[in-house]
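Coordinates from work25.txt are shown below (compact mmCIF, C-alpha atoms).
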# COMPACT_ATOMS: atom_id res chain seq x y z
CA MET A 22 -34.47 15.73 -5.85
CA ALA A 23 -30.91 16.64 -4.92
CA THR A 24 -30.22 18.21 -1.52
CA HIS A 25 -27.28 20.55 -1.01
CA TYR A 26 -25.22 19.93 2.12
CA LYS A 27 -25.47 23.54 3.29
CA ALA A 28 -29.23 23.17 3.63
CA LEU A 29 -28.57 20.38 6.13
CA GLY A 30 -26.10 22.37 8.22
CA PHE A 31 -22.90 20.63 7.11
CA VAL A 32 -19.64 22.22 6.00
CA ASN A 33 -17.11 20.83 3.56
CA THR A 34 -13.56 20.05 4.64
CA ARG A 35 -11.72 22.89 2.90
CA GLU A 36 -11.65 25.38 5.80
CA MET A 37 -11.26 22.56 8.35
CA PHE A 38 -8.08 21.35 6.68
CA LYS A 39 -6.70 24.85 6.19
CA LYS A 40 -6.93 25.51 9.94
CA ALA A 41 -5.64 22.06 10.90
CA GLY A 42 -2.66 22.31 8.56
CA GLY A 43 -1.54 25.53 10.16
CA GLY A 44 -2.45 24.50 13.67
CA GLY A 45 -0.53 21.27 14.19
CA TYR A 46 -3.54 19.00 14.65
CA ALA A 47 -5.72 16.63 12.63
CA ILE A 48 -9.49 16.54 12.20
CA PRO A 49 -11.04 13.33 13.56
CA ALA A 50 -13.08 11.31 11.05
CA TYR A 51 -15.26 8.91 13.01
CA ASN A 52 -17.23 6.21 11.24
CA PHE A 53 -20.76 5.47 12.39
CA ASN A 54 -23.39 2.87 11.59
CA ASN A 55 -26.07 3.43 14.22
CA LEU A 56 -27.68 5.91 16.59
CA GLU A 57 -25.48 5.27 19.62
CA GLN A 58 -22.25 5.74 17.67
CA ILE A 59 -23.30 9.08 16.20
CA GLN A 60 -24.55 10.27 19.60
CA ALA A 61 -21.16 9.46 21.09
CA VAL A 62 -19.33 11.26 18.30
CA ILE A 63 -21.38 14.45 18.58
CA ASN A 64 -21.27 14.52 22.39
CA GLY A 65 -17.57 13.68 22.48
CA CYS A 66 -16.59 16.28 19.91
CA GLY A 67 -19.03 18.83 21.31
CA GLU A 68 -17.71 18.53 24.85
CA SER A 69 -14.09 18.66 23.65
CA ARG A 70 -14.89 21.50 21.21
CA SER A 71 -13.46 19.63 18.26
CA PRO A 72 -14.42 19.92 14.61
CA VAL A 73 -15.51 16.55 13.28
CA ILE A 74 -16.06 14.57 10.11
CA LEU A 75 -18.96 12.12 10.31
CA GLN A 76 -17.78 9.30 8.12
CA VAL A 77 -19.97 6.81 6.25
CA SER A 78 -18.78 3.75 4.36
CA SER A 79 -20.68 2.06 1.54
CA GLY A 80 -21.21 -0.83 3.97
CA ALA A 81 -22.82 1.53 6.49
CA ARG A 82 -25.18 2.83 3.82
CA LYS A 83 -26.25 -0.72 3.04
CA TYR A 84 -26.63 -1.62 6.72
CA ALA A 85 -28.53 1.40 7.98
CA ASP A 86 -30.30 2.33 4.70
CA GLN A 87 -28.89 5.35 2.91
CA THR A 88 -31.94 7.54 3.58
CA MET A 89 -32.15 6.68 7.28
CA LEU A 90 -28.42 7.24 7.71
CA ARG A 91 -28.55 10.66 6.01
CA TYR A 92 -31.36 11.73 8.34
CA MET A 93 -29.38 10.48 11.33
CA ALA A 94 -26.48 12.69 10.29
CA GLU A 95 -28.80 15.65 9.74
CA GLY A 96 -30.32 15.03 13.15
CA ALA A 97 -26.84 15.02 14.66
CA VAL A 98 -26.27 18.57 13.42
CA GLN A 99 -29.50 19.68 15.07
CA MET A 100 -28.59 17.79 18.23
CA ALA A 101 -25.28 19.69 18.38
CA LYS A 102 -27.09 23.02 18.00
CA ASN A 103 -29.63 22.15 20.68
CA LYS A 104 -26.83 21.33 23.11
CA GLY A 105 -24.93 24.50 22.30
CA TYR A 106 -22.05 22.70 20.59
CA ASP A 107 -20.71 25.26 18.13
CA ILE A 108 -18.59 22.83 16.11
CA PRO A 109 -18.17 22.44 12.35
CA ILE A 110 -19.49 19.10 11.10
CA ALA A 111 -18.79 17.52 7.70
CA LEU A 112 -20.54 14.46 6.27
CA HIS A 113 -18.09 12.34 4.30
CA LEU A 114 -18.25 9.21 2.15
CA ASP A 115 -15.45 6.84 3.15
CA HIS A 116 -13.90 4.69 0.42
CA GLY A 117 -16.33 5.40 -2.37
CA ASP A 118 -15.31 3.08 -5.18
CA THR A 119 -17.48 4.25 -8.09
CA PHE A 120 -18.47 7.53 -9.71
CA GLU A 121 -22.13 6.59 -9.28
CA LEU A 122 -21.80 6.09 -5.51
CA CYS A 123 -20.12 9.47 -5.12
CA VAL A 124 -22.87 11.15 -7.15
CA SER A 125 -25.55 9.49 -5.01
CA CYS A 126 -23.94 10.77 -1.82
CA ILE A 127 -23.45 14.28 -3.18
CA GLU A 128 -27.09 14.44 -4.26
CA SER A 129 -28.26 13.27 -0.83
CA GLY A 130 -26.39 16.04 1.02
CA PHE A 131 -22.86 14.81 1.71
CA SER A 132 -20.38 17.67 1.94
CA SER A 133 -17.31 15.57 1.14
CA VAL A 134 -16.64 12.32 -0.70
CA MET A 135 -13.71 9.99 -1.11
CA ILE A 136 -13.14 8.27 -4.41
CA ASP A 137 -10.75 5.40 -3.84
CA GLY A 138 -9.28 4.39 -7.16
CA SER A 139 -6.11 3.00 -5.57
CA HIS A 140 -6.97 -0.55 -6.68
CA HIS A 141 -6.90 0.59 -10.32
CA PRO A 142 -3.79 1.17 -12.45
CA TYR A 143 -2.42 4.67 -11.97
CA GLU A 144 -3.90 6.27 -15.10
CA GLU A 145 -7.34 4.78 -14.38
CA ASN A 146 -7.14 6.12 -10.83
CA VAL A 147 -6.33 9.57 -12.20
CA ALA A 148 -9.21 9.49 -14.69
CA LEU A 149 -11.79 8.24 -12.19
CA THR A 150 -10.71 10.70 -9.51
CA ARG A 151 -10.77 13.60 -11.95
CA LYS A 152 -14.30 12.66 -13.06
CA VAL A 153 -15.56 12.71 -9.48
CA VAL A 154 -13.77 16.00 -8.73
CA GLU A 155 -15.32 17.72 -11.74
CA TYR A 156 -18.80 16.69 -10.66
CA ALA A 157 -18.33 17.33 -6.93
CA HIS A 158 -16.84 20.79 -7.34
CA GLU A 159 -19.96 21.94 -9.17
CA PHE A 160 -21.69 21.61 -5.80
CA ASP A 161 -18.76 22.86 -3.69
CA VAL A 162 -18.27 19.33 -2.33
CA THR A 163 -14.67 18.47 -1.43
CA VAL A 164 -13.01 15.29 -2.69
CA GLU A 165 -10.42 12.97 -1.15
CA GLY A 166 -8.37 10.73 -3.44
CA GLU A 167 -5.97 7.90 -2.59
CA LEU A 168 -2.53 6.83 -3.73
CA GLY A 169 -1.05 3.62 -2.38
CA VAL A 170 -2.90 0.64 -0.90
CA LEU A 171 -3.55 -0.15 2.77
CA ALA A 172 -3.62 -3.79 3.82
CA GLY A 173 -6.42 -5.21 5.96
CA ILE A 174 -10.18 -5.58 5.90
CA GLU A 175 -12.79 -2.92 6.65
CA ASP A 176 -16.34 -3.26 5.32
CA ASP A 177 -15.99 -3.62 1.54
CA VAL A 178 -12.30 -2.66 1.48
CA VAL A 179 -9.99 -5.67 1.30
CA ALA A 180 -6.27 -5.78 0.49
CA ALA A 181 -3.78 -8.55 1.21
CA LYS A 182 -0.75 -6.28 1.50
CA SER A 183 0.24 -2.65 1.71
CA ILE A 184 1.70 -0.73 -1.19
CA TYR A 185 3.41 2.41 0.03
CA THR A 186 2.55 5.68 -1.67
CA GLN A 187 5.24 6.68 -4.16
CA PRO A 188 6.29 10.31 -3.55
CA ASP A 189 7.20 10.65 -7.24
CA GLU A 190 3.51 10.30 -8.16
CA VAL A 191 1.82 12.66 -5.74
CA GLU A 192 2.44 15.99 -7.48
CA ASP A 193 1.25 14.65 -10.82
CA PHE A 194 -1.82 13.03 -9.23
CA VAL A 195 -2.87 16.12 -7.28
CA THR A 196 -2.33 18.43 -10.25
CA ARG A 197 -4.18 16.30 -12.79
CA THR A 198 -7.11 15.31 -10.58
CA GLY A 199 -7.75 18.53 -8.67
CA VAL A 200 -8.45 16.65 -5.43
CA ASP A 201 -8.77 18.58 -2.19
CA SER A 202 -6.96 16.03 0.01
CA LEU A 203 -4.94 12.87 -0.46
CA ALA A 204 -5.00 9.61 1.48
CA ILE A 205 -1.58 7.97 1.55
CA SER A 206 -0.12 4.65 2.64
CA ILE A 207 2.81 4.88 5.08
CA GLY A 208 2.23 1.77 7.18
CA THR A 209 -1.25 2.11 8.65
CA SER A 210 -3.71 -0.71 7.96
CA HIS A 211 -7.44 -1.36 8.09
CA GLY A 212 -9.16 -3.38 10.80
CA ALA A 213 -8.18 -4.59 14.27
CA PHE A 214 -5.58 -7.09 13.03
CA LYS A 215 -3.31 -4.60 11.30
CA PHE A 216 -0.07 -6.55 11.64
CA LYS A 217 0.92 -10.19 11.76
CA PRO A 218 2.77 -11.18 14.96
CA GLU A 219 5.95 -11.86 12.98
CA GLN A 220 5.93 -8.23 11.79
CA CYS A 221 6.01 -6.99 15.39
CA THR A 222 8.50 -6.95 18.21
CA LYS A 223 7.74 -7.36 21.92
CA ASN A 224 8.45 -4.76 24.57
CA GLU A 225 9.60 -5.51 28.12
CA ASP A 226 5.99 -6.25 29.13
CA GLY A 227 5.59 -8.79 26.33
CA VAL A 228 3.22 -6.52 24.39
CA LEU A 229 3.41 -6.65 20.60
CA VAL A 230 4.81 -3.45 19.07
CA PRO A 231 4.12 -2.84 15.36
CA PRO A 232 6.69 -1.56 12.87
CA PRO A 233 6.91 2.26 12.90
CA LEU A 234 5.12 4.38 10.33
CA ARG A 235 7.18 5.48 7.34
CA PHE A 236 7.63 9.10 8.28
CA ASP A 237 10.38 9.34 5.69
CA ILE A 238 7.77 8.83 2.98
CA LEU A 239 5.46 11.38 4.60
CA GLU A 240 8.28 13.94 4.77
CA GLU A 241 9.13 13.40 1.11
CA ILE A 242 5.48 13.81 0.13
CA GLU A 243 5.34 17.06 2.11
CA LYS A 244 8.30 18.33 0.08
CA ARG A 245 6.57 17.44 -3.21
CA ILE A 246 3.18 19.02 -2.32
CA PRO A 247 3.86 21.49 0.51
CA GLY A 248 0.81 22.52 2.50
CA PHE A 249 -1.47 19.99 0.83
CA PRO A 250 -3.90 18.16 3.17
CA ILE A 251 -2.87 14.55 3.80
CA VAL A 252 -5.15 11.83 5.20
CA LEU A 253 -4.36 8.68 7.18
CA HIS A 254 -6.72 5.70 6.96
CA GLY A 255 -6.50 2.60 9.15
CA ALA A 256 -5.30 4.72 12.06
CA SER A 257 -7.03 3.13 15.04
CA SER A 258 -4.73 2.28 17.93
CA VAL A 259 -6.66 -0.96 18.66
CA LEU A 260 -6.77 0.11 22.29
CA PRO A 261 -5.35 -2.76 24.39
CA GLN A 262 -7.68 -2.17 27.34
CA TYR A 263 -10.74 -2.78 25.15
CA VAL A 264 -9.22 -5.81 23.46
CA GLU A 265 -8.66 -7.13 27.00
CA LEU A 266 -12.21 -6.18 27.98
CA ILE A 267 -13.59 -8.16 25.04
CA ASN A 268 -11.42 -11.19 25.75
CA ASN A 269 -12.21 -11.13 29.47
CA ASN A 270 -15.89 -11.28 28.65
CA GLY A 271 -15.98 -14.17 26.23
CA GLY A 272 -14.32 -12.69 23.17
CA GLU A 273 -11.49 -14.13 21.11
CA LEU A 274 -9.36 -11.32 19.74
CA GLN A 275 -5.80 -12.59 19.47
CA ALA A 276 -2.82 -10.57 18.21
CA ALA A 277 -4.92 -7.45 17.63
CA VAL A 278 -2.40 -4.63 17.20
CA GLY A 279 -2.88 -1.01 16.14
CA ILE A 280 -0.99 2.22 15.55
CA PRO A 281 0.63 3.67 18.70
CA ALA A 282 -0.92 6.95 19.83
CA GLU A 283 2.43 8.76 19.90
CA GLN A 284 2.99 8.02 16.21
CA LEU A 285 -0.45 9.36 15.33
CA ARG A 286 0.23 12.50 17.38
CA LYS A 287 3.46 13.02 15.45
CA ALA A 288 1.60 12.60 12.16
CA ALA A 289 -1.09 15.06 13.27
CA LYS A 290 1.56 17.72 13.84
CA SER A 291 2.71 17.40 10.22
CA ALA A 292 0.75 17.69 6.95
CA VAL A 293 -1.76 15.05 8.08
CA CYS A 294 -5.01 17.01 8.45
CA LYS A 295 -7.46 14.10 8.80
CA ILE A 296 -7.15 10.83 10.71
CA ASN A 297 -9.75 8.07 10.28
CA ILE A 298 -10.87 6.10 13.32
CA ASP A 299 -13.29 3.18 13.01
CA SER A 300 -11.95 -0.02 14.58
CA ASP A 301 -11.39 1.59 17.98
CA GLY A 302 -15.03 2.60 18.10
CA ARG A 303 -16.11 -0.94 17.27
CA LEU A 304 -13.88 -2.38 19.98
CA VAL A 305 -15.17 0.00 22.66
CA VAL A 306 -18.81 -0.70 21.84
CA THR A 307 -18.29 -4.47 21.62
CA GLY A 308 -16.32 -4.60 24.86
CA MET A 309 -18.93 -2.70 26.85
CA ILE A 310 -21.82 -4.75 25.47
CA ARG A 311 -20.01 -7.99 26.28
CA LYS A 312 -19.32 -6.71 29.79
CA VAL A 313 -22.99 -5.97 30.43
CA PHE A 314 -24.10 -9.33 29.05
CA ASN A 315 -21.49 -11.14 31.13
CA GLU A 316 -22.33 -9.32 34.36
CA LYS A 317 -26.11 -9.17 33.79
CA PRO A 318 -27.07 -12.20 31.68
CA ALA A 319 -30.78 -11.55 32.22
CA GLU A 320 -30.58 -8.07 30.65
CA PHE A 321 -32.65 -7.66 27.49
CA ASP A 322 -33.30 -3.90 27.29
CA PRO A 323 -31.12 -2.55 24.44
CA ARG A 324 -30.87 0.79 26.23
CA LYS A 325 -29.18 -0.90 29.17
CA TYR A 326 -26.30 -2.28 27.08
CA LEU A 327 -26.14 0.19 24.18
CA GLY A 328 -26.26 3.15 26.58
CA PRO A 329 -23.10 2.20 28.52
CA ALA A 330 -21.36 1.44 25.19
CA ARG A 331 -22.30 4.89 23.87
CA ASP A 332 -21.10 6.63 27.03
CA GLU A 333 -17.77 4.81 27.02
CA LEU A 334 -17.21 5.62 23.35
CA GLN A 335 -17.85 9.28 24.12
CA LYS A 336 -15.07 9.21 26.74
CA VAL A 337 -12.65 7.60 24.28
CA ILE A 338 -13.47 10.21 21.63
CA ILE A 339 -12.75 13.05 24.04
CA ASP A 340 -9.44 11.43 24.96
CA LYS A 341 -8.44 10.94 21.32
CA ASN A 342 -9.34 14.51 20.37
CA THR A 343 -7.37 15.82 23.33
CA HIS A 344 -4.27 13.65 23.44
CA VAL A 345 -3.88 12.04 20.02
CA LEU A 346 -5.26 14.28 17.30
CA GLY A 347 -4.87 17.57 19.14
CA SER A 348 -8.21 18.81 17.79
CA ALA A 349 -9.82 19.54 21.17
CA GLY A 350 -10.55 23.24 21.58
CA LYS A 351 -10.06 23.94 17.88
CA ALA A 352 -13.73 24.29 16.85

Rewritten as structure tokens:
Amino acid sequence: MATHYKALGFVNTREMFKKAGGGGYAIPAYNFNNLEQIQAVINGCGESRSPVILQVSSGARKYADQTMLRYMAEGAVQMAKNKGYDIPIALHLDHGDTFELCVSCIESGFSSVMIDGSHHPYEENVALTRKVVEYAHEFDVTVEGELGVLAGIEDDVVAAKSIYTQPDEVEDFVTRTGVDSLAISIGTSHGAFKFKPEQCTKNEDGVLVPPPLRFDILEEIEKRIPGFPIVLHGASSVLPQYVELINNNGGELQAAVGIPAEQLRKAAKSAVCKINIDSDGRLVVTGMIRKVFNEKPAEFDPRKYLGPARDELQKVIIDKNTHVLGSAGKA
């Protein structure tokens, strides 16, 4: 039996994006796979008074079990209420690749879905996206489409190279599909290894600096579809302090480079209404767990290593909402 998202306490992204677009900030979309991650997201966004999109990939549904994961998200809404966090929360499918997957999520209570047809030829992408939109809008569920391809690896999403979004296509795509938001490719990339060392330069401290985002493409897209909500995927900064924390505690992350925070803040002040963050959360959790295991090798209580990881992730989320996305205080 289908469950409507409103019965679970979620909102769709329409009003979120309307406020963000006029307010010079972006809504954080944090991926989660387990209890500690979703606790950190709710506490971090609740304490910083930020609206939030709880984001679920197809890989997360397989890992956590789709029913268990849905109940975790529903429980997160109740947790927020119990703590007095009056924040809007959306439940979103990240990188849905089939009509059937989107339908399954909508029927289980998701308030927003992404249909990523960017790996298909243009006309096939249009047709698939339109099909999902027509179904989703019957239930007041919002839909994110994608034009352009992001390089990198994240769960089931794999691409060898980026293909920038073509501004000439966006107006036609948005008009013909009826999507509510559009993910674009302007130089972000999935995963922790977003750029090859030869693509980067080094600053005076010897730190690798990635090529800048293509704000010229973003500005041209804004001209073609003014006021339309734009989404950035692959937008983790691959926080250097947590890469260092991992490596100092037995890890081997070499040449891990992300998107500089100042570039994301600039994007959030434009038409970009949603910024996806996944890899940074993984790095924080992994770094803290490695630290505990390294310092306390006899530790075997999951609460004693997952708890510190959760608490550190909460701090990072508050910082991102406050200084990068600008969403703090906007709930």

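The interatomic distance for the pair atom CA of Asp161 of chain A and atom CA of Asn52 of chain A works out to 22.4 Å.
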
| field | Selected residue, from A:Lys152, A:His254, A:Arg70, A:Lys325, that lies nearest to His116 of chain A when counting all atoms listed in the file | value |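 Using all atoms listed in the file, the shortest distance to His116 of chain A belongs to A:His254.
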
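Proximity to Ala148 of chain A at 12 Å, evaluated using all atoms listed in the file and with sequence-adjacent residues fewer than 3 positions away removed, yields Thr119, Phe120, Ile136, Asp137, Gly138, Ser139, His141, Pro142, Tyr143, Glu144, Glu145, Arg151, Lys152, Val153, Val154, Glu155, Gly166, Phe194, Val195, Arg197, Thr198, Gly199 and Val200 of chain A.
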
| said: Ranking A:Phe314, A:Glu283, A:Tyr26, A:Met100 by minimum distance to Val134 of chain A and counting all atoms listed in the file, which one comes first? | reply: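 Of A:Phe314, A:Glu283, A:Tyr26, A:Met100, the one nearest Val134 of chain A, counting all atoms listed in the file, is A:Tyr26.
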
| query | In terms of the shortest atom-to-atom distance over only C-alpha atoms, which of A:Gly117, A:Phe53, A:Ser71, A:Asn33 is closest to Ala85 of chain A? | reply |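 Of A:Gly117, A:Phe53, A:Ser71, A:Asn33, the one nearest Ala85 of chain A, counting only C-alpha atoms, is A:Phe53.
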
| How many Å separate atom CA of Gly67 of chain A from atom CA of Tyr106 of chain A? |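 Here the two named atoms are 5.0 Å from each other.
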
| request: Could you jot down the atom CA of Glu36 of chain A to atom CA of Asn146 of chain A separation for me, Å, one decimal place? | output: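 Here the two named atoms are 25.8 Å from each other.
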
| query | Which of these residues is nearest to Ser202 of chain A, using all atoms listed in the file: A:Leu112, A:Ile184, A:Met37, A:Val264? | reply |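 Counting all atoms listed in the file, the residue closest to Ser202 of chain A is A:Met37.
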
| task | Can you work out which one of A:Thr186, A:Asn103, A:Asn268, A:Asn55 has the shortest atom-to-atom distance to Ile207 of chain A, counting all atoms listed in the file? | result | A:Thr186

| Residue among A:Val147, A:Leu29, A:Gln220, A:Val278 lying closest to Thr196 of chain A, counting all atoms listed in the file |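 So, comparing all the options, the nearest one is A:Val147.
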
| request: With a distance cut-off of 8 Å and all atoms listed in the file, select the neighbouring residues of Ala349 of chain A, excluding the residue or stretch itself and same-chain residues fewer than 5 positions from it, and output the selection as a list in words. | output: Cys66, Ser69, Arg70, Ser71, Ile339, Asn342 and Thr343 of chain A

| message | So that I can check the surroundings of Gly44 of chain A, please list as a list in words every protein, DNA and RNA residue that reaches within 9 Å of it, counting all atoms listed in the file and ignoring chain neighbours fewer than 5 positions away. | response |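 These residues fall inside the cut-off: Lys39, Lys290 and Lys351 of chain A.
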
Grab the residues selected above and save them as a compact mmCIF listing (two decimals), in the frame of the given file with C-alpha atoms.
# COMPACT_ATOMS: atom_id res chain seq x y z
CA LYS A 39 -6.70 24.85 6.19
CA LYS A 290 1.56 17.72 13.84
CA LYS A 351 -10.06 23.94 17.88

| What would the list of residues within 8 Å of (-16.4, 17.8, 10.4) (file frame) look like as a ChimeraX atom specification, if only C-alpha atoms are what count? | /A:31-34,37,48-50,72-75,108-112
